[in-house]
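my_file_1.txt (compact mmCIF, C-alpha atoms) appears below.
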# COMPACT_ATOMS: atom_id res chain seq x y z
CA MET A 597 -58.91 65.81 58.26
CA SER A 598 -61.34 62.94 57.82
CA LYS A 599 -63.67 63.28 54.82
CA LEU A 600 -66.95 61.69 53.87
CA VAL A 601 -66.46 60.30 50.39
CA VAL A 602 -68.17 58.38 47.63
CA ARG A 603 -65.79 56.47 45.40
CA ALA A 604 -66.01 54.33 42.29
CA PHE A 605 -69.73 54.89 42.12
CA ALA A 606 -70.93 54.01 38.64
CA ILE A 607 -73.81 55.61 36.79
CA SER A 608 -75.18 55.08 33.30
CA LEU A 609 -75.13 57.68 30.53
CA ASP A 610 -78.75 58.41 31.39
CA GLY A 611 -77.84 58.96 35.02
CA TYR A 612 -78.96 55.80 36.81
CA GLY A 613 -76.93 54.20 39.58
CA ALA A 614 -79.08 51.06 39.53
CA GLY A 615 -81.37 49.64 36.88
CA PRO A 616 -85.13 49.10 37.02
CA ARG A 617 -86.83 46.12 38.74
CA GLN A 618 -84.29 45.27 41.43
CA SER A 619 -84.72 41.77 42.85
CA LEU A 620 -82.76 39.03 44.58
CA LYS A 621 -81.75 37.78 41.15
CA THR A 622 -80.83 41.22 39.86
CA PRO A 623 -79.74 43.19 42.95
CA LEU A 624 -78.40 46.00 40.75
CA GLY A 625 -81.58 46.14 38.71
CA GLU A 626 -81.93 45.07 35.10
CA GLY A 627 -78.79 45.95 33.19
CA GLY A 628 -77.13 47.14 36.37
CA GLU A 629 -74.11 44.85 36.01
CA GLU A 630 -73.15 46.85 32.92
CA LEU A 631 -72.38 49.77 35.21
CA HIS A 632 -69.48 47.89 36.74
CA ARG A 633 -67.95 46.46 33.59
CA TRP A 634 -65.01 48.88 33.98
CA PHE A 635 -64.24 47.42 37.43
CA PHE A 636 -64.42 43.63 36.95
CA PRO A 637 -61.24 43.23 34.86
CA THR A 638 -59.06 45.42 37.10
CA ARG A 639 -56.29 43.94 39.19
CA THR A 640 -57.91 45.53 42.26
CA PHE A 641 -61.17 43.68 41.69
CA ARG A 642 -59.46 40.42 40.73
CA ARG A 643 -57.37 40.47 43.90
CA MET A 644 -60.37 41.23 46.06
CA HIS A 645 -62.85 38.78 44.64
CA ALA A 646 -60.97 36.18 42.65
CA GLY A 647 -57.89 35.88 44.81
CA GLY A 648 -55.69 36.17 41.73
CA ALA A 649 -52.74 38.36 40.94
CA ASP A 650 -53.89 38.93 37.37
CA GLY A 651 -56.15 41.71 36.13
CA SER A 652 -55.62 44.93 34.24
CA THR A 653 -53.53 47.85 35.37
CA GLY A 654 -53.85 51.43 34.12
CA VAL A 655 -56.30 54.23 34.76
CA ASP A 656 -59.33 52.10 35.63
CA ASP A 657 -57.30 50.08 38.10
CA ASP A 658 -55.70 53.22 39.55
CA TYR A 659 -59.13 54.60 40.36
CA ALA A 660 -60.30 51.24 41.69
CA ARG A 661 -57.28 51.03 43.99
CA ARG A 662 -57.59 54.64 45.12
CA SER A 663 -61.22 54.00 46.03
CA PHE A 664 -60.00 51.89 48.98
CA ASP A 665 -57.16 54.20 50.03
CA ASN A 666 -57.34 55.71 53.50
CA ILE A 667 -60.84 54.41 54.24
CA GLY A 668 -61.38 53.86 57.96
CA ALA A 669 -65.08 52.96 57.92
CA TRP A 670 -67.95 52.40 55.49
CA ILE A 671 -71.61 53.31 55.50
CA LEU A 672 -73.97 51.07 53.56
CA GLY A 673 -77.67 51.24 52.88
CA ARG A 674 -79.49 48.14 53.97
CA ASN A 675 -80.18 46.97 50.41
CA MET A 676 -76.49 47.04 49.75
CA PHE A 677 -76.02 44.66 52.65
CA GLY A 678 -78.68 42.27 51.50
CA PRO A 679 -82.13 41.55 50.12
CA VAL A 680 -83.83 41.01 53.49
CA ARG A 681 -86.61 43.56 54.16
CA GLY A 682 -88.43 44.31 57.41
CA PRO A 683 -87.32 42.89 60.78
CA TRP A 684 -84.41 40.41 60.61
CA PRO A 685 -86.00 36.94 60.75
CA ASP A 686 -82.73 35.48 62.08
CA GLU A 687 -79.03 36.13 61.77
CA GLN A 688 -78.40 33.92 58.77
CA TRP A 689 -77.85 36.65 56.22
CA LYS A 690 -74.28 37.90 56.46
CA GLY A 691 -74.02 40.12 53.40
CA TRP A 692 -73.45 39.41 49.72
CA TRP A 693 -69.72 38.81 50.11
CA GLY A 694 -69.21 35.48 51.91
CA GLU A 695 -67.07 34.99 55.02
CA GLU A 696 -64.51 37.66 54.19
CA PRO A 697 -66.10 40.89 52.87
CA PRO A 698 -63.90 43.35 50.98
CA TYR A 699 -64.17 46.13 53.59
CA HIS A 700 -61.63 45.10 56.27
CA VAL A 701 -62.83 47.91 58.54
CA PRO A 702 -66.08 48.62 60.44
CA ALA A 703 -69.08 48.99 58.12
CA PHE A 704 -72.23 50.72 59.35
CA VAL A 705 -75.45 49.43 57.84
CA LEU A 706 -78.49 51.74 57.88
CA THR A 707 -81.62 49.88 58.95
CA HIS A 708 -84.83 50.42 60.86
CA HIS A 709 -84.41 47.05 62.61
CA PRO A 710 -81.84 46.45 65.35
CA ARG A 711 -79.43 43.55 65.15
CA PRO A 712 -76.22 42.77 67.06
CA PRO A 713 -72.90 43.56 65.39
CA LEU A 714 -71.57 40.90 63.06
CA GLU A 715 -67.86 40.22 63.05
CA MET A 716 -66.52 38.76 59.82
CA LYS A 717 -63.14 37.45 58.73
CA GLY A 718 -60.51 39.95 57.62
CA GLY A 719 -61.42 42.87 59.87
CA THR A 720 -64.92 43.75 58.67
CA THR A 721 -67.51 44.19 61.41
CA PHE A 722 -71.04 45.08 60.36
CA HIS A 723 -72.78 47.43 62.77
CA PHE A 724 -76.51 47.92 62.34
CA VAL A 725 -77.52 51.52 62.91
CA THR A 726 -81.14 52.42 63.59
CA GLY A 727 -80.55 56.09 64.49
CA GLY A 728 -80.49 57.48 60.94
CA ILE A 729 -77.80 58.86 58.65
CA GLN A 730 -76.37 61.39 61.11
CA ASP A 731 -75.98 58.76 63.79
CA ALA A 732 -74.33 56.36 61.35
CA LEU A 733 -71.93 59.11 60.28
CA ARG A 734 -71.03 59.98 63.85
CA ARG A 735 -70.27 56.36 64.67
CA ALA A 736 -68.38 55.80 61.42
CA ARG A 737 -66.22 58.88 62.00
CA GLU A 738 -65.43 57.68 65.49
CA ALA A 739 -64.40 54.30 64.13
CA ALA A 740 -62.39 55.80 61.26
CA GLY A 741 -60.29 58.16 63.36
CA ASP A 742 -58.14 60.26 61.00
CA LYS A 743 -59.13 58.20 58.00
CA ASP A 744 -62.01 58.85 55.61
CA VAL A 745 -65.50 57.41 55.75
CA ARG A 746 -66.80 55.97 52.47
CA VAL A 747 -70.49 55.82 51.63
CA GLY A 748 -70.74 52.63 49.63
CA GLY A 749 -74.28 53.10 48.40
CA GLY A 750 -76.83 52.41 47.18
CA VAL A 751 -78.24 55.35 45.31
CA SER A 752 -80.77 56.35 47.93
CA THR A 753 -78.16 56.35 50.71
CA VAL A 754 -75.77 58.50 48.66
CA ARG A 755 -78.64 60.89 47.83
CA GLN A 756 -79.55 61.26 51.49
CA TYR A 757 -75.99 62.19 52.47
CA LEU A 758 -75.66 64.49 49.46
CA GLN A 759 -78.91 66.30 50.18
CA ALA A 760 -77.87 66.77 53.80
CA GLY A 761 -74.70 68.49 52.52
CA LEU A 762 -72.47 65.93 54.20
CA ILE A 763 -70.48 64.49 51.28
CA ASP A 764 -67.06 66.08 50.70
CA GLU A 765 -65.95 64.31 47.54
CA MET A 766 -67.35 61.93 44.94
CA HIS A 767 -65.60 59.82 42.35
CA LEU A 768 -68.21 58.85 39.78
CA VAL A 769 -67.74 56.48 36.88
CA VAL A 770 -69.94 57.21 33.87
CA SER A 771 -70.33 53.86 32.12
CA PRO A 772 -71.17 53.72 28.42
CA THR A 773 -74.52 52.05 28.91
CA LEU A 774 -78.17 53.11 28.99
CA LEU A 775 -80.53 51.82 31.68
CA GLY A 776 -83.69 53.72 30.79
CA GLY A 777 -84.99 53.67 34.34
CA GLY A 778 -84.11 52.76 37.90
CA GLU A 779 -82.55 54.99 40.51
CA ALA A 780 -81.29 58.34 39.22
CA LEU A 781 -78.32 59.44 41.29
CA LEU A 782 -78.37 63.19 40.72
CA ALA A 783 -81.95 64.00 39.68
CA GLY A 784 -83.13 67.15 41.42
CA ILE A 785 -79.87 67.60 43.31
CA ASN A 786 -78.10 70.89 42.62
CA LEU A 787 -74.42 69.98 42.93
CA PRO A 788 -72.94 73.45 42.28
CA GLN A 789 -75.25 74.83 44.95
CA LEU A 790 -73.90 72.17 47.33
CA GLY A 791 -70.43 73.50 46.52
CA PHE A 792 -69.25 70.82 44.08
CA ARG A 793 -67.22 71.35 40.94
CA CYS A 794 -65.60 68.87 38.60
CA ALA A 795 -62.01 68.61 39.80
CA GLU A 796 -60.79 65.73 37.65
CA HIS A 797 -61.95 63.78 34.61
CA VAL A 798 -60.35 61.04 32.57
CA GLY A 799 -61.83 58.88 29.86
CA THR A 800 -60.74 55.28 29.37
CA GLU A 801 -61.87 52.57 27.00
CA SER A 802 -64.35 51.44 29.62
CA ALA A 803 -65.75 54.60 31.21
CA GLN A 804 -65.34 58.23 32.13
CA HIS A 805 -63.98 58.87 35.61
CA VAL A 806 -64.92 62.16 37.23
CA VAL A 807 -64.04 63.50 40.64
CA LEU A 808 -66.40 66.07 42.08
CA SER A 809 -65.10 67.96 45.05
CA LYS A 810 -65.78 71.03 47.14
CA MET B 236 -81.28 56.12 3.58
CA SER B 237 -81.81 59.54 5.10
CA LYS B 238 -81.64 59.64 8.92
CA LEU B 239 -82.81 62.08 11.54
CA VAL B 240 -79.79 62.79 13.70
CA VAL B 241 -78.60 64.81 16.66
CA ARG B 242 -74.90 65.56 16.58
CA ALA B 243 -72.35 67.24 18.81
CA PHE B 244 -75.02 67.89 21.41
CA ALA B 245 -73.36 68.69 24.71
CA ILE B 246 -74.71 67.90 28.15
CA SER B 247 -73.26 68.41 31.61
CA LEU B 248 -72.31 65.62 34.01
CA ASP B 249 -75.60 66.22 35.76
CA GLY B 250 -77.48 65.87 32.49
CA TYR B 251 -78.37 69.41 31.45
CA GLY B 252 -78.20 70.60 27.86
CA ALA B 253 -78.64 74.23 28.88
CA GLY B 254 -78.07 76.00 32.18
CA PRO B 255 -80.60 77.75 34.41
CA ARG B 256 -81.90 81.31 33.84
CA GLN B 257 -81.59 81.62 30.06
CA SER B 258 -81.64 85.21 28.83
CA LEU B 259 -80.51 87.36 25.93
CA LYS B 260 -77.18 87.78 27.71
CA THR B 261 -76.85 84.07 28.54
CA PRO B 262 -78.73 82.27 25.75
CA LEU B 263 -77.30 78.92 26.90
CA GLY B 264 -78.27 79.58 30.51
CA GLU B 265 -75.83 80.25 33.32
CA GLY B 266 -72.71 78.15 32.89
CA GLY B 267 -73.98 76.89 29.54
CA GLU B 268 -70.89 77.98 27.62
CA GLU B 269 -68.90 75.43 29.59
CA LEU B 270 -70.78 72.72 27.72
CA HIS B 271 -69.12 73.72 24.47
CA ARG B 272 -65.59 74.17 25.72
CA TRP B 273 -64.57 70.99 23.84
CA PHE B 274 -65.77 72.55 20.55
CA PHE B 275 -64.35 76.09 20.56
CA PRO B 276 -60.66 75.17 20.09
CA THR B 277 -61.28 72.68 17.27
CA ARG B 278 -60.22 73.42 13.72
CA THR B 279 -63.82 72.85 12.62
CA PHE B 280 -65.11 75.59 14.91
CA ARG B 281 -62.24 77.96 14.15
CA ARG B 282 -62.82 77.64 10.41
CA MET B 283 -66.54 78.18 10.79
CA HIS B 284 -66.53 81.10 13.15
CA ALA B 285 -63.12 82.68 13.16
CA GLY B 286 -62.25 82.23 9.51
CA GLY B 287 -58.86 80.85 10.46
CA ALA B 288 -57.02 77.72 9.48
CA ASP B 289 -55.72 77.12 12.98
CA GLY B 290 -57.42 75.10 15.71
CA SER B 291 -56.90 71.66 17.19
CA THR B 292 -57.13 68.40 15.34
CA GLY B 293 -57.72 64.99 16.93
CA VAL B 294 -60.75 63.22 18.35
CA ASP B 295 -62.73 66.32 19.36
CA ASP B 296 -62.22 67.86 15.95
CA ASP B 297 -63.06 64.57 14.20
CA TYR B 298 -66.44 64.50 15.95
CA ALA B 299 -66.99 68.20 15.28
CA ARG B 300 -66.27 67.70 11.57
CA ARG B 301 -68.39 64.55 11.35
CA SER B 302 -71.29 66.45 12.90
CA PHE B 303 -71.64 68.39 9.63
CA ASP B 304 -71.09 65.43 7.30
CA ASN B 305 -73.91 64.52 4.95
CA ILE B 306 -76.40 66.96 6.49
CA GLY B 307 -78.98 68.12 3.93
CA ALA B 308 -81.23 70.15 6.21
CA TRP B 309 -81.50 71.32 9.82
CA ILE B 310 -84.36 71.65 12.24
CA LEU B 311 -84.05 74.30 14.96
CA GLY B 312 -86.25 75.27 17.85
CA ARG B 313 -87.20 78.91 17.81
CA ASN B 314 -85.03 79.78 20.82
CA MET B 315 -82.07 78.43 18.96
CA PHE B 316 -82.81 80.85 16.17
CA GLY B 317 -83.14 83.83 18.45
CA PRO B 318 -84.43 85.46 21.62
CA VAL B 319 -87.60 86.96 20.06
CA ARG B 320 -90.78 85.56 21.66
CA GLY B 321 -94.38 85.85 20.44
CA PRO B 322 -95.30 87.23 17.00
CA TRP B 323 -92.36 88.55 14.97
CA PRO B 324 -92.42 92.36 15.44
CA ASP B 325 -90.51 92.82 12.16
CA GLU B 326 -87.94 90.97 10.11
CA GLN B 327 -84.88 92.47 11.72
CA TRP B 328 -83.75 89.41 13.64
CA LYS B 329 -81.83 87.09 11.31
CA GLY B 330 -80.41 84.57 13.76
CA TRP B 331 -77.42 84.58 16.11
CA TRP B 332 -74.88 83.98 13.36
CA GLY B 333 -74.58 87.16 11.27
CA GLU B 334 -74.91 87.30 7.48
CA GLU B 335 -73.48 83.85 6.80
CA PRO B 336 -74.81 81.21 9.21
CA PRO B 337 -72.86 77.94 9.56
CA TYR B 338 -75.62 75.74 8.08
CA HIS B 339 -75.22 76.20 4.30
CA VAL B 340 -78.43 74.22 3.67
CA PRO B 341 -82.12 74.85 4.40
CA ALA B 342 -82.87 75.21 8.12
CA PHE B 343 -86.41 74.76 9.39
CA VAL B 344 -87.28 76.84 12.44
CA LEU B 345 -90.17 75.67 14.63
CA THR B 346 -92.42 78.56 15.60
CA HIS B 347 -96.06 79.36 16.28
CA HIS B 348 -95.78 82.57 14.26
CA PRO B 349 -95.54 82.64 10.46
CA ARG B 350 -92.78 84.54 8.71
CA PRO B 351 -91.53 84.46 5.11
CA PRO B 352 -88.39 82.43 4.34
CA LEU B 353 -85.12 84.22 4.94
CA GLU B 354 -82.31 83.64 2.50
CA MET B 355 -78.84 84.19 3.93
CA LYS B 356 -75.35 84.16 2.46
CA GLY B 357 -73.64 80.83 1.93
CA GLY B 358 -76.64 78.66 1.14
CA THR B 359 -78.60 78.83 4.40
CA THR B 360 -82.30 79.60 4.02
CA PHE B 361 -84.39 79.79 7.18
CA HIS B 362 -87.91 78.45 6.74
CA PHE B 363 -90.39 79.16 9.52
CA VAL B 364 -92.64 76.17 10.17
CA THR B 365 -95.88 76.60 12.08
CA GLY B 366 -97.24 73.08 11.49
CA GLY B 367 -95.37 71.32 14.31
CA ILE B 368 -92.49 68.85 14.49
CA GLN B 369 -93.90 66.32 12.02
CA ASP B 370 -94.47 68.99 9.41
CA ALA B 371 -90.98 70.41 9.92
CA LEU B 372 -89.52 66.92 9.54
CA ARG B 373 -91.46 66.24 6.35
CA ARG B 374 -90.28 69.48 4.80
CA ALA B 375 -86.70 68.99 6.01
CA ARG B 376 -86.58 65.46 4.57
CA GLU B 377 -87.85 66.77 1.27
CA ALA B 378 -85.16 69.43 1.22
CA ALA B 379 -82.43 67.02 2.31
CA GLY B 380 -83.07 64.37 -0.34
CA ASP B 381 -80.73 61.42 0.33
CA LYS B 382 -78.85 63.32 2.99
CA ASP B 383 -79.55 63.34 6.74
CA VAL B 384 -81.60 65.86 8.67
CA ARG B 385 -79.95 67.21 11.81
CA VAL B 386 -81.93 68.46 14.78
CA GLY B 387 -79.79 71.29 16.06
CA GLY B 388 -81.62 71.87 19.33
CA GLY B 389 -82.41 73.19 21.82
CA VAL B 390 -83.14 70.65 24.48
CA SER B 391 -86.91 70.86 24.23
CA THR B 392 -86.86 70.36 20.45
CA VAL B 393 -84.59 67.31 20.74
CA ARG B 394 -86.82 65.89 23.49
CA GLN B 395 -89.93 66.30 21.34
CA TYR B 396 -88.38 64.39 18.44
CA LEU B 397 -86.98 61.75 20.80
CA GLN B 398 -90.29 61.21 22.55
CA ALA B 399 -92.02 60.88 19.20
CA GLY B 400 -89.57 58.08 18.35
CA LEU B 401 -88.25 59.95 15.33
CA ILE B 402 -84.53 60.29 16.10
CA ASP B 403 -82.28 57.61 14.55
CA GLU B 404 -78.93 58.51 16.04
CA MET B 405 -77.46 60.87 18.62
CA HIS B 406 -73.90 61.95 19.19
CA LEU B 407 -73.76 63.40 22.71
CA VAL B 408 -70.82 65.11 24.31
CA VAL B 409 -70.66 64.78 28.08
CA SER B 410 -68.72 67.81 29.25
CA PRO B 411 -66.90 67.77 32.59
CA THR B 412 -69.00 70.48 34.15
CA LEU B 413 -71.94 70.71 36.55
CA LEU B 414 -74.88 73.02 35.85
CA GLY B 415 -77.12 72.16 38.79
CA GLY B 416 -80.30 73.07 36.93
CA GLY B 417 -81.66 74.09 33.55
CA GLU B 418 -82.96 71.81 30.83
CA ALA B 419 -82.34 68.09 31.43
CA LEU B 420 -81.97 66.34 28.07
CA LEU B 421 -82.86 62.77 29.00
CA ALA B 422 -84.95 63.06 32.18
CA GLY B 423 -87.91 60.71 32.00
CA ILE B 424 -86.98 59.45 28.53
CA ASN B 425 -86.37 55.70 28.34
CA LEU B 426 -83.73 55.38 25.64
CA PRO B 427 -83.41 51.58 25.62
CA GLN B 428 -87.17 51.39 25.25
CA LEU B 429 -86.89 53.70 22.24
CA GLY B 430 -84.38 51.22 20.82
CA PHE B 431 -81.14 53.04 21.58
CA ARG B 432 -77.89 51.50 22.72
CA CYS B 433 -74.46 53.01 23.17
CA ALA B 434 -72.64 52.23 19.92
CA GLU B 435 -69.49 54.26 20.42
CA HIS B 436 -67.73 56.10 23.24
CA VAL B 437 -64.41 57.89 23.42
CA GLY B 438 -63.01 60.06 26.17
CA THR B 439 -60.76 63.02 25.40
CA GLU B 440 -59.12 65.63 27.58
CA SER B 441 -62.18 67.82 27.04
CA ALA B 442 -65.18 65.52 27.12
CA GLN B 443 -66.67 62.08 26.60
CA HIS B 444 -68.16 61.48 23.16
CA VAL B 445 -70.92 58.91 22.94
CA VAL B 446 -72.91 57.79 19.95
CA LEU B 447 -76.33 56.33 20.70
CA SER B 448 -77.95 54.51 17.83
CA LYS B 449 -80.74 52.11 17.04

Taking this structure as input, can you express it in the form of C-alpha cells?
Amino acid sequence: MSKLVVRAFAISLDGYGAGPRQSLKTPLGEGGEELHRWFFPTRTFRRMHAGGADGSTGVDDDYARRSFDNIGAWILGRNMFGPVRGPWPDEQWKGWWGEEPPYHVPAFVLTHHPRPPLEMKGGTTFHFVTGGIQDALRRAREAAGDKDVRVGGGVSTVRQYLQAGLIDEMHLVVSPTLLGGGEALLAGINLPQLGFRCAEHVGTESAQHVVLSK
Amino acid sequence: MSKLVVRAFAISLDGYGAGPRQSLKTPLGEGGEELHRWFFPTRTFRRMHAGGADGSTGVDDDYARRSFDNIGAWILGRNMFGPVRGPWPDEQWKGWWGEEPPYHVPAFVLTHHPRPPLEMKGGTTFHFVTGGIQDALRRAREAAGDKDVRVGGGVSTVRQYLQAGLIDEMHLVVSPTLLGGGEALLAGINLPQLGFRCAEHVGTESAQHVVLSK
C-alpha cells in the first residue's frame, strides 16, 4: 500500500526546519546548513552528490539510505525547487541540483504558475502542479504506483500535508543546533490528535533520529 | 562562580515541558509522565524516591546525578510545589514529596501569597517569595553561596528566567514522546540571541540529552 512519507527531515533543537532570513545565498536560512551536518558525511550523500564511494556507514547512513527506499515520486514546494518567485520569467532555472538531480523519479513541484514538464538526466522529471496539494498528491500517487510518495519539503509544504491529515509517516532528524527563528515545523500541530506516535528513536553522535507513524 | 541552571528538564519531541489539561490527578498534564520515563529507572531516582540501591547506571543516570551536583538552592514555581491556588487556606500542604523532599537545601517557591518558611526533614526549607523572580534569585543566590542555583520548573518559571536573560546553562532531555499540546518550553524564545549554543549532546535508549550553555 503506497504511503505518503516525510523522510530525513531535519529540525533544530528549538524546532525549526529552516533558519531565519532565507535568501538565494542562504536558501536554508541562516544557520540552516547545520541541520544537515549529520547527512553530509554519509556514504549515501557522498555517492549522490560527490560521486565518490567514500563516506560514513552506520546509523546515520542507514537512515539516509532508507530515506530513498521505495520512493516512486516526490512532492516539492516551489522554494525547494528554486529561488524564483512569481511567474517563471523563462525556463532557465532547472533546480538546485544541476543536470542530474538526486530524485530519479517524477517530482511534482507545487507552484501557482504553470510551466511545461522538465525532463532531466537520470530519470527525474519535474512536473509543475498548479492545482494545489491534493492535486499534486493524486498525480504523484499515480506516478508512484505501488511505491511511496515522499514530501521533500520545505517546512510549509510538509505542514500543509500534515494539517490535511495526509502524511502517513515521518522520519525526523533532531540536529544538535539552535536556530532561534525561521520556520517551525510542528508549532500548533497536534501530532497525537493526527494519530502519530513515536515508533522509533535512535541517537547518534550527529543527531537524534525519530520515526513518527500512525 | 555561582550559576543559575536548569537541569534534567524534559521536553517532548514536539517541544512541550508539560502536557495539556493539568490537574491534581495529572499534575504534569496528560501524557506528561512519559517525559520522565528516562529518569525513573536510574539509580539516582531509585535512591531518592524508593530508598533502594538498585536502578540503572550509565549515561541517563550520569546526567540525573549531575543534575544535583553543586546545587546550593532551588527556585520552584508555585505549581511545582503543589496544586493549591490563590491564598493559602492553611499550612497543610507541604509539597508533593512527603516529609523529606529531595532538595536538601533551601528551596524558594514563587507565589503571590505570603506564607511562613516551612522546614522539612533532610535539610529542605521552603521559602515563599512574593517579590517576583528577581527577588527569588537574589535570595537563592545568597543561600547558595558559591554553589549554583537550580530552577526546578515548571515551564512558565523557566521561561520567565530565560526571557529575563538570567539562565546560564540548561540541560534538556528530549524524550521520544509526543504531547500535542500543553506548555511549550522554547516557543518564541530566541536562544542563540540569548547567547546559547549546544555544548553537549548524547543520545541514549531513553532520550537525547543536550546541554545548552553560554

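Closest to chain A among B:Glu335, B:Glu269, B:Asp304, B:Glu354 is B:Glu269, based on all atoms listed in the file.
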
Hey, could you make a per-residue contact list for chain B against chain A with 10 Å as the cut-off, showing the nearest pair of atoms and its distance in Å to one decimal, counting all atoms listed in the file, sorted by chain and number, as a Markdown table?
| residue | atom | partner | partner_atom | distance |
| --- | --- | --- | --- | --- |
| B:Leu248 | CA | A:Gly611 | CA | 8.7 |
| B:Asp249 | CA | A:Leu782 | CA | 6.4 |
| B:Gly250 | CA | A:Gly611 | CA | 7.4 |
| B:Leu407 | CA | A:Leu609 | CA | 9.8 |
| B:Val409 | CA | A:Leu609 | CA | 8.7 |
| B:Ser410 | CA | A:His797 | CA | 9.5 |
| B:Pro411 | CA | A:Cys794 | CA | 6.2 |
| B:Thr412 | CA | A:Cys794 | CA | 5.8 |
| B:Leu413 | CA | A:Pro788 | CA | 6.4 |
| B:Leu414 | CA | A:Pro788 | CA | 6.7 |
| B:Gly415 | CA | A:Asn786 | CA | 4.2 |
| B:Gly416 | CA | A:Asn786 | CA | 6.5 |
| B:Ala419 | CA | A:Ala783 | CA | 9.2 |
| B:Leu420 | CA | A:Asp610 | CA | 9.2 |
| B:Leu421 | CA | A:Asp610 | CA | 6.5 |
| B:Ala422 | CA | A:Asp610 | CA | 7.8 |
| B:Gly423 | CA | A:Gly777 | CA | 8.0 |
| B:Ile424 | CA | A:Gly776 | CA | 7.0 |
| B:Asn425 | CA | A:Gly776 | CA | 4.1 |
| B:Leu426 | CA | A:Gly776 | CA | 5.4 |
| B:Pro427 | CA | A:Gly776 | CA | 5.6 |
| B:Gln428 | CA | A:Gly776 | CA | 6.9 |
| B:Leu429 | CA | A:Gly776 | CA | 9.1 |
| B:Phe431 | CA | A:Leu774 | CA | 8.0 |
| B:Arg432 | CA | A:Leu774 | CA | 6.5 |
| B:Cys433 | CA | A:Thr773 | CA | 5.8 |
| B:Ala434 | CA | A:Pro772 | CA | 8.8 |
| B:Glu435 | CA | A:Pro772 | CA | 8.2 |
| B:His436 | CA | A:Pro772 | CA | 6.7 |
| B:Val437 | CA | A:Glu801 | CA | 6.9 |
| B:Gly438 | CA | A:Gly799 | CA | 4.0 |
| B:Thr439 | CA | A:Gly799 | CA | 6.2 |
| B:Glu440 | CA | A:Val798 | CA | 6.9 |
| B:Ser441 | CA | A:His797 | CA | 8.6 |
| B:Ala442 | CA | A:Gly799 | CA | 7.9 |
| B:Gln443 | CA | A:Gly799 | CA | 6.7 |
| B:His444 | CA | A:Gly799 | CA | 9.6 |
| B:Val445 | CA | A:Pro772 | CA | 7.6 |
| B:Val446 | CA | A:Pro772 | CA | 9.6 |
| B:Leu447 | CA | A:Leu774 | CA | 9.1 |

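Taking atom CA of Pro679 of chain A as the reference point, atom CA of Gly625 of chain A is found at 12.3 Å.
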
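Atom CA of Ile310 of chain B lies 7.3 Å from atom CA of Val384 of chain B.
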
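For the atom pair formed by atom CA of Gly321 of chain B and atom CA of His348 of chain B, the distance is 7.1 Å, given to one decimal.
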
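Comparing the minimum interatomic distances between His723 of chain A and each of A:Phe605, A:Phe677, A:Phe635, A:Phe641, counting all atoms listed in the file, we find that A:Phe677 sits nearest.
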
Shell of 10 Å around Trp328 of chain B, all atoms listed in the file, local chain residues under 4 positions omitted, as a short mmCIF file (atom, residue, chain, number, x, y, z; two decimals) with C-alpha atoms, in the coordinates of the input:
data_model
loop_
_atom_site.label_atom_id
_atom_site.label_comp_id
_atom_site.auth_asym_id
_atom_site.auth_seq_id
_atom_site.Cartn_x
_atom_site.Cartn_y
_atom_site.Cartn_z
CA PHE B 316 -82.81 80.85 16.17
CA GLY B 317 -83.14 83.83 18.45
CA PRO B 318 -84.43 85.46 21.62
CA VAL B 319 -87.60 86.96 20.06
CA TRP B 323 -92.36 88.55 14.97
CA PRO B 324 -92.42 92.36 15.44
CA GLY B 333 -74.58 87.16 11.27
#

Contacts of segment 700-708 of chain A at 9 Å (all atoms listed in the file; same-chain gap of 6+ positions) as a VMD selection string: chain A and resid 667 to 674 676 to 677 682 to 683 715 to 729 732 to 733 735 to 736 739 to 740 753

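Distance annotation: of A:Ile607, A:Met644, A:Leu600, A:Ala649, the residue with the minimal separation from Gln730 of chain A is A:Leu600; atom set is only C-alpha atoms.
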
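In terms of minimum interatomic distance to Arg394 of chain B, B:Glu418 ranks closest within B:Arg301, B:Glu418, B:Ser258, B:Leu353, counting only C-alpha atoms.
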
Is it possible to add N, CA and C atoms to segment 387-396 of chain B and hand it back as an mmCIF file, in the frame of the given file?
data_model
loop_
_atom_site.group_PDB
_atom_site.id
_atom_site.type_symbol
_atom_site.label_atom_id
_atom_site.label_comp_id
_atom_site.auth_asym_id
_atom_site.auth_seq_id
_atom_site.Cartn_x
_atom_site.Cartn_y
_atom_site.Cartn_z
ATOM 1 N N GLY B 387 -80.849 70.511 15.438
ATOM 2 C CA GLY B 387 -79.790 71.290 16.060
ATOM 3 C C GLY B 387 -80.038 71.574 17.538
ATOM 4 N N GLY B 388 -81.265 71.570 17.940
ATOM 5 C CA GLY B 388 -81.620 71.870 19.330
ATOM 6 C C GLY B 388 -82.720 72.898 19.349
ATOM 7 N N GLY B 389 -83.003 73.515 20.536
ATOM 8 C CA GLY B 389 -82.410 73.190 21.820
ATOM 9 C C GLY B 389 -82.967 71.915 22.427
ATOM 10 N N VAL B 390 -82.773 71.838 23.720
ATOM 11 C CA VAL B 390 -83.140 70.650 24.480
ATOM 12 C C VAL B 390 -84.601 70.263 24.231
ATOM 13 N N SER B 391 -85.493 71.213 24.308
ATOM 14 C CA SER B 391 -86.910 70.860 24.230
ATOM 15 C C SER B 391 -87.274 70.342 22.834
ATOM 16 N N THR B 392 -86.622 70.866 21.805
ATOM 17 C CA THR B 392 -86.860 70.360 20.450
ATOM 18 C C THR B 392 -86.327 68.927 20.304
ATOM 19 N N VAL B 393 -85.137 68.674 20.809
ATOM 20 C CA VAL B 393 -84.590 67.310 20.740
ATOM 21 C C VAL B 393 -85.502 66.354 21.503
ATOM 22 N N ARG B 394 -85.949 66.756 22.683
ATOM 23 C CA ARG B 394 -86.820 65.890 23.490
ATOM 24 C C ARG B 394 -88.119 65.563 22.752
ATOM 25 N N GLN B 395 -88.686 66.566 22.078
ATOM 26 C CA GLN B 395 -89.930 66.300 21.340
ATOM 27 C C GLN B 395 -89.728 65.255 20.249
ATOM 28 N N TYR B 396 -88.644 65.379 19.501
ATOM 29 C CA TYR B 396 -88.380 64.390 18.440
ATOM 30 C C TYR B 396 -88.040 63.019 19.009
#
